[in-house]
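Asks: Contents of start_2.csv (CSV, N, CA and C atoms) are below:
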```csv
chain,number,residue,atom,x,y,z
A,8,GLN,N,-15.1,1.0,23.1
A,8,GLN,CA,-14.8,1.0,21.6
A,8,GLN,C,-13.5,0.3,21.3
A,9,VAL,N,-13.5,-0.7,20.5
A,9,VAL,CA,-12.3,-1.4,20.1
A,9,VAL,C,-11.6,-0.7,19.0
A,10,GLN,N,-10.3,-0.5,19.1
A,10,GLN,CA,-9.5,0.1,18.0
A,10,GLN,C,-8.3,-0.8,17.8
A,11,LEU,N,-8.0,-0.8,16.5
A,11,LEU,CA,-6.8,-1.6,16.0
A,11,LEU,C,-5.9,-0.6,15.3
A,12,VAL,N,-4.6,-0.6,15.7
A,12,VAL,CA,-3.6,0.3,15.2
A,12,VAL,C,-2.5,-0.5,14.6
A,13,GLU,N,-2.3,-0.4,13.3
A,13,GLU,CA,-1.2,-1.1,12.6
A,13,GLU,C,0.0,-0.3,12.4
A,14,SER,N,1.2,-0.9,12.3
A,14,SER,CA,2.4,-0.2,12.0
A,14,SER,C,3.3,-1.2,11.3
A,15,GLY,N,4.3,-0.7,10.6
A,15,GLY,CA,5.4,-1.5,10.0
A,15,GLY,C,5.4,-1.7,8.5
A,16,GLY,N,4.4,-1.1,7.8
A,16,GLY,CA,4.4,-1.3,6.4
A,16,GLY,C,5.5,-0.5,5.7
A,17,GLY,N,5.6,-0.6,4.4
A,17,GLY,CA,6.6,0.2,3.7
A,17,GLY,C,7.0,-0.4,2.4
A,18,LEU,N,8.1,0.1,1.8
A,18,LEU,CA,8.6,-0.4,0.5
A,18,LEU,C,9.8,-1.3,0.8
A,19,VAL,N,9.8,-2.5,0.1
A,19,VAL,CA,10.9,-3.4,0.3
A,19,VAL,C,11.2,-4.1,-1.0
A,20,GLN,N,12.4,-4.5,-1.2
A,20,GLN,CA,12.8,-5.2,-2.5
A,20,GLN,C,12.3,-6.6,-2.5
A,21,PRO,N,12.1,-7.2,-3.6
A,21,PRO,CA,11.8,-8.6,-3.7
A,21,PRO,C,12.9,-9.5,-2.9
A,22,GLY,N,12.4,-10.4,-2.2
A,22,GLY,CA,13.3,-11.2,-1.3
A,22,GLY,C,13.5,-10.7,0.0
A,23,GLY,N,13.1,-9.5,0.3
A,23,GLY,CA,13.3,-8.8,1.6
A,23,GLY,C,12.2,-9.2,2.6
A,24,SER,N,12.3,-8.6,3.8
A,24,SER,CA,11.5,-8.9,4.9
A,24,SER,C,10.9,-7.6,5.5
A,25,LEU,N,9.7,-7.8,6.1
A,25,LEU,CA,9.0,-6.7,6.8
A,25,LEU,C,8.3,-7.4,8.0
A,26,ARG,N,8.1,-6.6,9.0
A,26,ARG,CA,7.3,-7.1,10.2
A,26,ARG,C,6.2,-6.1,10.5
A,27,LEU,N,5.0,-6.5,10.4
A,27,LEU,CA,3.8,-5.7,10.8
A,27,LEU,C,3.4,-6.0,12.2
A,28,SER,N,2.9,-4.9,12.8
A,28,SER,CA,2.4,-5.0,14.2
A,28,SER,C,1.0,-4.4,14.2
A,29,CYS,N,0.2,-5.0,15.1
A,29,CYS,CA,-1.2,-4.4,15.3
A,29,CYS,C,-1.5,-4.5,16.8
A,30,ALA,N,-1.8,-3.4,17.4
A,30,ALA,CA,-2.2,-3.3,18.8
A,30,ALA,C,-3.7,-3.0,18.9
A,31,ALA,N,-4.4,-3.8,19.7
A,31,ALA,CA,-5.8,-3.6,19.9
A,31,ALA,C,-6.0,-3.0,21.3
A,32,SER,N,-6.9,-2.1,21.3
A,32,SER,CA,-7.3,-1.4,22.6
A,32,SER,C,-8.8,-1.4,22.8
A,33,GLY,N,-9.2,-1.2,24.0
A,33,GLY,CA,-10.6,-1.2,24.3
A,33,GLY,C,-11.0,-2.5,25.1
A,34,SER,N,-12.3,-2.7,25.2
A,34,SER,CA,-12.8,-3.9,25.9
A,34,SER,C,-12.8,-5.1,25.0
A,35,ILE,N,-11.8,-6.0,25.3
A,35,ILE,CA,-11.6,-7.1,24.4
A,35,ILE,C,-11.6,-8.4,25.2
A,36,PHE,N,-12.5,-9.3,24.8
A,36,PHE,CA,-12.6,-10.6,25.5
A,36,PHE,C,-11.4,-11.4,25.3
A,37,SER,N,-11.0,-12.1,26.3
A,37,SER,CA,-9.7,-12.8,26.2
A,37,SER,C,-9.6,-13.9,25.2
A,38,ILE,N,-10.8,-14.5,24.9
A,38,ILE,CA,-10.9,-15.5,23.8
A,38,ILE,C,-11.2,-14.9,22.5
A,39,ASN,N,-10.3,-14.8,21.6
A,39,ASN,CA,-10.5,-14.1,20.3
A,39,ASN,C,-9.6,-14.6,19.2
A,40,VAL,N,-9.8,-14.1,18.1
A,40,VAL,CA,-9.0,-14.4,16.9
A,40,VAL,C,-8.4,-13.1,16.4
A,41,MET,N,-7.1,-13.0,16.2
A,41,MET,CA,-6.5,-11.9,15.6
A,41,MET,C,-5.7,-12.3,14.4
A,42,GLY,N,-5.5,-11.4,13.4
A,42,GLY,CA,-4.7,-11.8,12.3
A,42,GLY,C,-4.7,-10.7,11.3
A,43,TRP,N,-4.5,-11.1,10.0
A,43,TRP,CA,-4.2,-10.2,8.9
A,43,TRP,C,-4.9,-10.6,7.6
A,44,TYR,N,-5.5,-9.7,7.0
A,44,TYR,CA,-6.0,-9.8,5.6
A,44,TYR,C,-5.2,-8.8,4.7
A,45,ARG,N,-5.4,-8.9,3.4
A,45,ARG,CA,-4.8,-8.0,2.5
A,45,ARG,C,-5.6,-7.8,1.3
A,46,GLN,N,-5.5,-6.6,0.7
A,46,GLN,CA,-6.3,-6.2,-0.4
A,46,GLN,C,-5.4,-5.5,-1.5
A,47,ALA,N,-5.2,-6.2,-2.6
A,47,ALA,CA,-4.5,-5.5,-3.7
A,47,ALA,C,-5.4,-4.7,-4.5
A,48,PRO,N,-4.9,-3.7,-5.3
A,48,PRO,CA,-5.7,-2.9,-6.1
A,48,PRO,C,-6.6,-3.7,-7.1
A,49,GLY,N,-7.9,-3.4,-7.1
A,49,GLY,CA,-8.9,-4.1,-7.9
A,49,GLY,C,-9.2,-5.5,-7.5
A,50,LYS,N,-8.8,-5.9,-6.3
A,50,LYS,CA,-9.1,-7.3,-5.9
A,50,LYS,C,-9.9,-7.2,-4.5
A,51,GLN,N,-10.4,-8.3,-4.2
A,51,GLN,CA,-11.1,-8.4,-2.9
A,51,GLN,C,-10.1,-8.6,-1.8
A,52,ARG,N,-10.6,-8.4,-0.6
A,52,ARG,CA,-9.8,-8.5,0.6
A,52,ARG,C,-9.7,-10.0,0.9
A,53,ASP,N,-8.5,-10.5,1.1
A,53,ASP,CA,-8.3,-12.0,1.3
A,53,ASP,C,-7.5,-12.2,2.6
A,54,LEU,N,-7.7,-13.4,3.1
A,54,LEU,CA,-7.0,-13.9,4.3
A,54,LEU,C,-5.5,-14.0,4.0
A,55,VAL,N,-4.7,-13.5,4.9
A,55,VAL,CA,-3.3,-13.8,5.0
A,55,VAL,C,-3.0,-14.9,6.0
A,56,GLY,N,-3.4,-14.6,7.2
A,56,GLY,CA,-3.3,-15.6,8.3
A,56,GLY,C,-3.9,-15.1,9.6
A,57,ILE,N,-4.4,-16.0,10.4
A,57,ILE,CA,-5.0,-15.7,11.7
A,57,ILE,C,-4.5,-16.6,12.7
A,58,MET,N,-4.6,-16.1,14.0
A,58,MET,CA,-4.2,-16.9,15.1
A,58,MET,C,-5.2,-16.7,16.2
A,59,SER,N,-5.6,-17.8,16.8
A,59,SER,CA,-6.6,-17.7,18.0
A,59,SER,C,-5.8,-17.4,19.2
A,60,SER,N,-6.5,-17.0,20.3
A,60,SER,CA,-5.8,-16.7,21.5
A,60,SER,C,-5.3,-18.0,22.2
A,61,GLY,N,-5.7,-19.1,21.7
A,61,GLY,CA,-5.2,-20.4,22.1
A,61,GLY,C,-4.0,-20.8,21.4
A,62,GLY,N,-3.7,-20.1,20.3
A,62,GLY,CA,-2.4,-20.4,19.5
A,62,GLY,C,-2.7,-21.1,18.2
A,63,GLY,N,-3.9,-21.5,17.9
A,63,GLY,CA,-4.1,-22.1,16.6
A,63,GLY,C,-4.0,-21.1,15.5
A,64,THR,N,-3.5,-21.6,14.3
A,64,THR,CA,-3.2,-20.7,13.2
A,64,THR,C,-3.8,-21.2,11.9
A,65,ARG,N,-4.0,-20.3,11.0
A,65,ARG,CA,-4.5,-20.7,9.6
A,65,ARG,C,-3.8,-19.6,8.7
A,66,TYR,N,-3.2,-20.1,7.6
A,66,TYR,CA,-2.6,-19.3,6.6
A,66,TYR,C,-3.1,-19.5,5.2
A,67,ALA,N,-3.1,-18.5,4.4
A,67,ALA,CA,-3.3,-18.6,3.0
A,67,ALA,C,-2.2,-19.5,2.4
A,68,ASP,N,-2.5,-20.3,1.4
A,68,ASP,CA,-1.5,-21.2,0.8
A,68,ASP,C,-0.4,-20.3,0.2
A,69,SER,N,-0.7,-19.2,-0.3
A,69,SER,CA,0.3,-18.3,-1.0
A,69,SER,C,1.4,-17.8,-0.1
A,70,VAL,N,1.1,-17.8,1.3
A,70,VAL,CA,2.1,-17.2,2.2
A,70,VAL,C,2.7,-18.3,3.1
A,71,LYS,N,2.2,-19.5,3.1
A,71,LYS,CA,2.8,-20.5,4.0
A,71,LYS,C,4.3,-20.7,3.7
A,72,ASP,N,5.0,-20.9,4.8
A,72,ASP,CA,6.4,-21.1,4.8
A,72,ASP,C,7.2,-19.8,4.5
A,73,ARG,N,6.5,-18.6,4.3
A,73,ARG,CA,7.1,-17.3,4.2
A,73,ARG,C,6.7,-16.4,5.3
A,74,PHE,N,5.5,-16.4,5.7
A,74,PHE,CA,4.9,-15.5,6.6
A,74,PHE,C,4.6,-16.3,8.0
A,75,THR,N,4.8,-15.6,9.1
A,75,THR,CA,4.6,-16.1,10.4
A,75,THR,C,3.8,-15.2,11.2
A,76,ILE,N,2.7,-15.6,11.8
A,76,ILE,CA,1.9,-14.8,12.8
A,76,ILE,C,2.3,-15.2,14.2
A,77,SER,N,2.4,-14.2,15.0
A,77,SER,CA,2.6,-14.4,16.4
A,77,SER,C,1.8,-13.4,17.2
A,78,ARG,N,1.6,-13.6,18.5
A,78,ARG,CA,0.8,-12.6,19.2
A,78,ARG,C,1.3,-12.6,20.7
A,79,ASP,N,1.0,-11.4,21.3
A,79,ASP,CA,1.3,-11.2,22.7
A,79,ASP,C,-0.1,-11.0,23.3
A,80,ASN,N,-0.7,-12.0,23.9
A,80,ASN,CA,-2.1,-11.9,24.5
A,80,ASN,C,-2.1,-10.8,25.6
A,81,ALA,N,-1.1,-10.7,26.4
A,81,ALA,CA,-1.1,-9.7,27.4
A,81,ALA,C,-1.2,-8.3,26.9
A,82,LYS,N,-0.7,-8.1,25.7
A,82,LYS,CA,-0.7,-6.8,25.1
A,82,LYS,C,-1.7,-6.6,24.0
A,83,ASN,N,-2.5,-7.7,23.8
A,83,ASN,CA,-3.5,-7.7,22.7
A,83,ASN,C,-2.9,-7.2,21.4
A,84,THR,N,-1.7,-7.7,21.1
A,84,THR,CA,-1.0,-7.3,19.9
A,84,THR,C,-0.7,-8.6,19.1
A,85,VAL,N,-0.8,-8.4,17.8
A,85,VAL,CA,-0.5,-9.5,16.8
A,85,VAL,C,0.6,-9.0,15.9
A,86,TYR,N,1.4,-9.9,15.4
A,86,TYR,CA,2.5,-9.5,14.5
A,86,TYR,C,2.4,-10.4,13.3
A,87,LEU,N,3.0,-9.9,12.2
A,87,LEU,CA,3.1,-10.6,11.0
A,87,LEU,C,4.6,-10.5,10.5
A,88,GLN,N,5.3,-11.5,10.6
A,88,GLN,CA,6.7,-11.5,10.0
A,88,GLN,C,6.6,-12.0,8.6
A,89,MET,N,7.0,-11.2,7.6
A,89,MET,CA,7.0,-11.5,6.2
A,89,MET,C,8.4,-11.6,5.7
A,90,ASN,N,8.7,-12.8,5.2
A,90,ASN,CA,10.0,-13.1,4.6
A,90,ASN,C,9.9,-13.5,3.2
A,91,SER,N,11.0,-13.4,2.4
A,91,SER,CA,11.0,-13.8,1.0
A,91,SER,C,9.8,-13.1,0.3
A,92,LEU,N,9.7,-11.8,0.5
A,92,LEU,CA,8.6,-11.1,-0.1
A,92,LEU,C,8.7,-11.1,-1.6
A,93,LYS,N,7.5,-11.1,-2.3
A,93,LYS,CA,7.4,-11.1,-3.7
A,93,LYS,C,6.5,-9.9,-4.2
A,94,PRO,N,6.7,-9.5,-5.4
A,94,PRO,CA,5.9,-8.4,-5.9
A,94,PRO,C,4.4,-8.6,-5.7
A,95,GLU,N,4.0,-9.9,-5.9
A,95,GLU,CA,2.5,-10.2,-5.7
A,95,GLU,C,2.0,-10.1,-4.3
A,96,ASP,N,2.9,-9.8,-3.3
A,96,ASP,CA,2.5,-9.6,-1.9
A,96,ASP,C,2.2,-8.1,-1.7
A,97,THR,N,2.4,-7.3,-2.8
A,97,THR,CA,2.0,-5.9,-2.7
A,97,THR,C,0.5,-5.7,-2.4
A,98,ALA,N,0.2,-5.0,-1.4
A,98,ALA,CA,-1.3,-4.8,-1.0
A,98,ALA,C,-1.3,-3.9,0.2
A,99,VAL,N,-2.6,-3.5,0.5
A,99,VAL,CA,-2.8,-2.9,1.8
A,99,VAL,C,-3.1,-4.1,2.8
A,100,TYR,N,-2.4,-4.1,3.9
A,100,TYR,CA,-2.6,-5.2,4.9
A,100,TYR,C,-3.5,-4.6,6.0
A,101,TYR,N,-4.5,-5.4,6.4
A,101,TYR,CA,-5.5,-5.0,7.4
A,101,TYR,C,-5.4,-5.9,8.6
A,102,CYS,N,-5.3,-5.3,9.8
A,102,CYS,CA,-5.4,-6.1,11.0
A,102,CYS,C,-6.8,-6.5,11.2
A,103,TYR,N,-7.0,-7.7,11.8
A,103,TYR,CA,-8.3,-8.3,12.0
A,103,TYR,C,-8.5,-8.8,13.4
A,104,LEU,N,-9.6,-8.5,14.0
A,104,LEU,CA,-9.9,-9.0,15.4
A,104,LEU,C,-11.4,-9.5,15.4
A,105,ASN,N,-11.6,-10.7,15.8
A,105,ASN,CA,-12.9,-11.2,16.0
A,105,ASN,C,-13.1,-11.7,17.4
A,106,GLU,N,-14.1,-11.1,18.1
A,106,GLU,CA,-14.3,-11.6,19.5
A,106,GLU,C,-15.8,-11.4,19.8
A,107,ARG,N,-16.3,-12.4,20.5
A,107,ARG,CA,-17.7,-12.4,20.9
A,107,ARG,C,-18.6,-12.1,19.7
A,108,GLY,N,-18.3,-12.6,18.5
A,108,GLY,CA,-19.1,-12.5,17.4
A,108,GLY,C,-19.0,-11.2,16.6
A,109,SER,N,-18.1,-10.3,17.1
A,109,SER,CA,-18.0,-9.0,16.4
A,109,SER,C,-16.6,-9.0,15.7
A,110,THR,N,-16.6,-8.3,14.5
A,110,THR,CA,-15.3,-8.2,13.8
A,110,THR,C,-14.9,-6.7,13.7
A,111,TYR,N,-13.6,-6.5,13.9
A,111,TYR,CA,-13.0,-5.2,13.9
A,111,TYR,C,-11.9,-5.2,12.9
A,112,TRP,N,-11.6,-4.1,12.3
A,112,TRP,CA,-10.6,-3.9,11.3
A,112,TRP,C,-9.7,-2.7,11.6
A,113,GLY,N,-8.4,-2.8,11.3
A,113,GLY,CA,-7.5,-1.7,11.4
A,113,GLY,C,-7.7,-0.8,10.2
A,114,GLN,N,-6.9,0.3,10.1
A,114,GLN,CA,-7.1,1.2,9.0
A,114,GLN,C,-6.3,0.8,7.8
A,115,GLY,N,-5.4,-0.2,8.0
A,115,GLY,CA,-4.6,-0.7,6.8
A,115,GLY,C,-3.3,0.0,6.8
A,116,THR,N,-2.3,-0.8,6.3
A,116,THR,CA,-0.9,-0.3,6.1
A,116,THR,C,-0.4,-0.9,4.8
A,117,GLN,N,0.2,0.0,4.0
A,117,GLN,CA,0.6,-0.4,2.7
A,117,GLN,C,1.9,-1.1,2.7
A,118,VAL,N,2.0,-2.2,2.0
A,118,VAL,CA,3.2,-3.0,1.8
A,118,VAL,C,3.4,-3.0,0.3
A,119,THR,N,4.6,-2.5,-0.1
A,119,THR,CA,4.9,-2.5,-1.6
A,119,THR,C,6.2,-3.3,-1.7
A,120,VAL,N,6.2,-4.3,-2.6
A,120,VAL,CA,7.4,-5.1,-2.9
A,120,VAL,C,7.8,-4.8,-4.3
A,121,SER,N,8.9,-4.1,-4.5
A,121,SER,CA,9.3,-3.6,-5.8
A,121,SER,C,10.8,-3.3,-5.8
A,122,SER,N,11.4,-3.5,-6.9
A,122,SER,CA,12.9,-3.2,-7.1
A,122,SER,C,13.0,-1.8,-7.7
```
Once more with this new file: its structure as structure tokens, please.
Replies:
Amino acid sequence: QVQLVESGGGLVQPGGSLRLSCAASGSIFSINVMGWYRQAPGKQRDLVGIMSSGGGTRYADSVKDRFTISRDNAKNTVYLQMNSLKPEDTAVYYCYLNERGSTYWGQGTQVTVSS
């Protein structure tokens, strides 16, 4: 059974930074994609950014140059460094893992950007 556990959300002022972490456990194939999606109230869940186990990345245009994904393959852990946060970044952030055709989600962590 694959499980994803996120941490690092919270309240931050506009212009501030946060770092999210997500640790995956269980039987996970070494070739996979991990990353982050987010869902604001009343909106659909959207891509933030993903990174393959080979290092390739893809980001939403709205977060390019502000957010950075990194991962530790040995620990099956993915990180999201969020800088220059804006109120519109407020959402529940979900960790994402896709491997061998299956998709897994974390429970979500709230990020609130407000003064």
Asks: With a cut-off of 12 Å, could you pull out the residues of range 37-102 of chain A touching range 17-29 of chain A and give me the nearest pair of atoms for each, distance in Å to one decimal, using only C-alpha atoms, ordered by chain and ascending number, as CSV?
Replies:
```
residue,atom,partner,partner_atom,distance
A:Met41,CA,A:Cys29,CA,9.2
A:Gly42,CA,A:Cys29,CA,8.7
A:Trp43,CA,A:Cys29,CA,9.1
A:Tyr44,CA,A:Leu27,CA,11.8
A:Arg73,CA,A:Ser24,CA,9.5
A:Phe74,CA,A:Arg26,CA,9.4
A:Thr75,CA,A:Arg26,CA,9.4
A:Ile76,CA,A:Leu27,CA,9.5
A:Ser77,CA,A:Ser28,CA,9.7
A:Arg78,CA,A:Ser28,CA,9.2
A:Asp79,CA,A:Cys29,CA,10.4
A:Asn80,CA,A:Cys29,CA,11.9
A:Lys82,CA,A:Cys29,CA,10.1
A:Asn83,CA,A:Cys29,CA,8.4
A:Thr84,CA,A:Cys29,CA,5.4
A:Val85,CA,A:Cys29,CA,5.4
A:Tyr86,CA,A:Ser28,CA,4.5
A:Leu87,CA,A:Leu27,CA,5.0
A:Gln88,CA,A:Arg26,CA,4.4
A:Met89,CA,A:Leu25,CA,5.2
A:Asn90,CA,A:Ser24,CA,4.5
A:Ser91,CA,A:Gly22,CA,4.2
A:Leu92,CA,A:Gly22,CA,4.9
A:Lys93,CA,A:Pro21,CA,5.1
A:Pro94,CA,A:Pro21,CA,6.3
A:Glu95,CA,A:Pro21,CA,9.6
A:Asp96,CA,A:Pro21,CA,9.5
A:Thr97,CA,A:Leu18,CA,9.2
A:Ala98,CA,A:Gly17,CA,10.5
A:Val99,CA,A:Gly17,CA,10.1
A:Tyr100,CA,A:Leu27,CA,8.7
A:Tyr101,CA,A:Cys29,CA,9.0
A:Cys102,CA,A:Cys29,CA,6.2
```
Asks: What is the atom C of Gly62 in chain A-atom C of Ile38 in chain A distance in Å, reported with one decimal?
Replies: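 Interatomic distance here is 11.4 Å.
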Asks: Around (-12.4, -11.8, 23.8) in the file's frame, which residues reach within 6 Å when counting only N, CA and C atoms? Return as a VMD selection string?
Replies: chain A and resid 35 to 39 106 to 107
Asks: Work out how far CA of Val9 in chain A is from CA of Ala30 in chain A, in Å to one decimal.
Replies: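 About the pair CA of Ala30 in chain A and CA of Val9 in chain A: they are 10.4 Å apart.
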Asks: Would you compute the distance between atom C of Leu104 in chain A and atom N of Gly15 in chain A? Give it in Å to one decimal.
Replies: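 Taking atom C of Leu104 in chain A as the start and atom N of Gly15 in chain A as the end point, the length is 18.6 Å.
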Asks: Could you write range 40-61 of chain A of the block just shown to a file containing N, CA and C atoms, as a compact mmCIF listing (two decimals), in the first residue's frame?
Replies:
```
# COMPACT_ATOMS: atom_id res chain seq x y z
N VAL A 40 6.94 9.60 -11.21
CA VAL A 40 6.79 11.05 -11.23
C VAL A 40 6.18 11.46 -9.90
N MET A 41 6.78 12.45 -9.26
CA MET A 41 6.23 13.00 -8.02
C MET A 41 6.08 14.50 -8.18
N GLY A 42 5.16 15.05 -7.41
CA GLY A 42 5.01 16.49 -7.49
C GLY A 42 3.85 16.99 -6.68
N TRP A 43 3.30 18.13 -7.13
CA TRP A 43 2.30 18.84 -6.35
C TRP A 43 1.18 19.39 -7.24
N TYR A 44 -0.02 19.27 -6.72
CA TYR A 44 -1.19 19.93 -7.28
C TYR A 44 -1.78 20.79 -6.16
N ARG A 45 -2.67 21.69 -6.52
CA ARG A 45 -3.36 22.48 -5.50
C ARG A 45 -4.80 22.72 -5.90
N GLN A 46 -5.62 22.95 -4.87
CA GLN A 46 -7.04 23.18 -5.08
C GLN A 46 -7.49 24.31 -4.18
N ALA A 47 -7.93 25.40 -4.80
CA ALA A 47 -8.49 26.52 -4.06
C ALA A 47 -9.99 26.30 -3.88
N PRO A 48 -10.61 26.96 -2.89
CA PRO A 48 -12.04 26.76 -2.66
C PRO A 48 -12.86 27.06 -3.91
N GLY A 49 -13.74 26.13 -4.26
CA GLY A 49 -14.61 26.32 -5.41
C GLY A 49 -13.97 26.13 -6.76
N LYS A 50 -12.71 25.66 -6.76
CA LYS A 50 -12.00 25.48 -8.03
C LYS A 50 -11.54 24.03 -8.18
N GLN A 51 -11.13 23.68 -9.39
CA GLN A 51 -10.64 22.34 -9.64
C GLN A 51 -9.21 22.21 -9.15
N ARG A 52 -8.76 20.97 -9.02
CA ARG A 52 -7.39 20.70 -8.63
C ARG A 52 -6.47 20.91 -9.85
N ASP A 53 -5.46 21.73 -9.68
CA ASP A 53 -4.58 22.10 -10.79
C ASP A 53 -3.13 21.74 -10.51
N LEU A 54 -2.41 21.52 -11.57
CA LEU A 54 -0.98 21.24 -11.46
C LEU A 54 -0.23 22.45 -10.90
N VAL A 55 0.68 22.17 -9.97
CA VAL A 55 1.66 23.16 -9.53
C VAL A 55 2.99 22.84 -10.21
N GLY A 56 3.47 21.65 -10.01
CA GLY A 56 4.71 21.22 -10.64
C GLY A 56 4.97 19.76 -10.36
N ILE A 57 5.67 19.11 -11.28
CA ILE A 57 6.02 17.70 -11.12
C ILE A 57 7.46 17.49 -11.54
N MET A 58 8.05 16.42 -11.02
CA MET A 58 9.42 16.07 -11.36
C MET A 58 9.51 14.56 -11.52
N SER A 59 10.13 14.12 -12.60
CA SER A 59 10.32 12.70 -12.80
C SER A 59 11.52 12.21 -11.98
N SER A 60 11.63 10.91 -11.84
CA SER A 60 12.77 10.36 -11.12
C SER A 60 14.07 10.62 -11.87
N GLY A 61 13.96 10.93 -13.16
CA GLY A 61 15.14 11.28 -13.95
C GLY A 61 15.51 12.74 -13.87
```
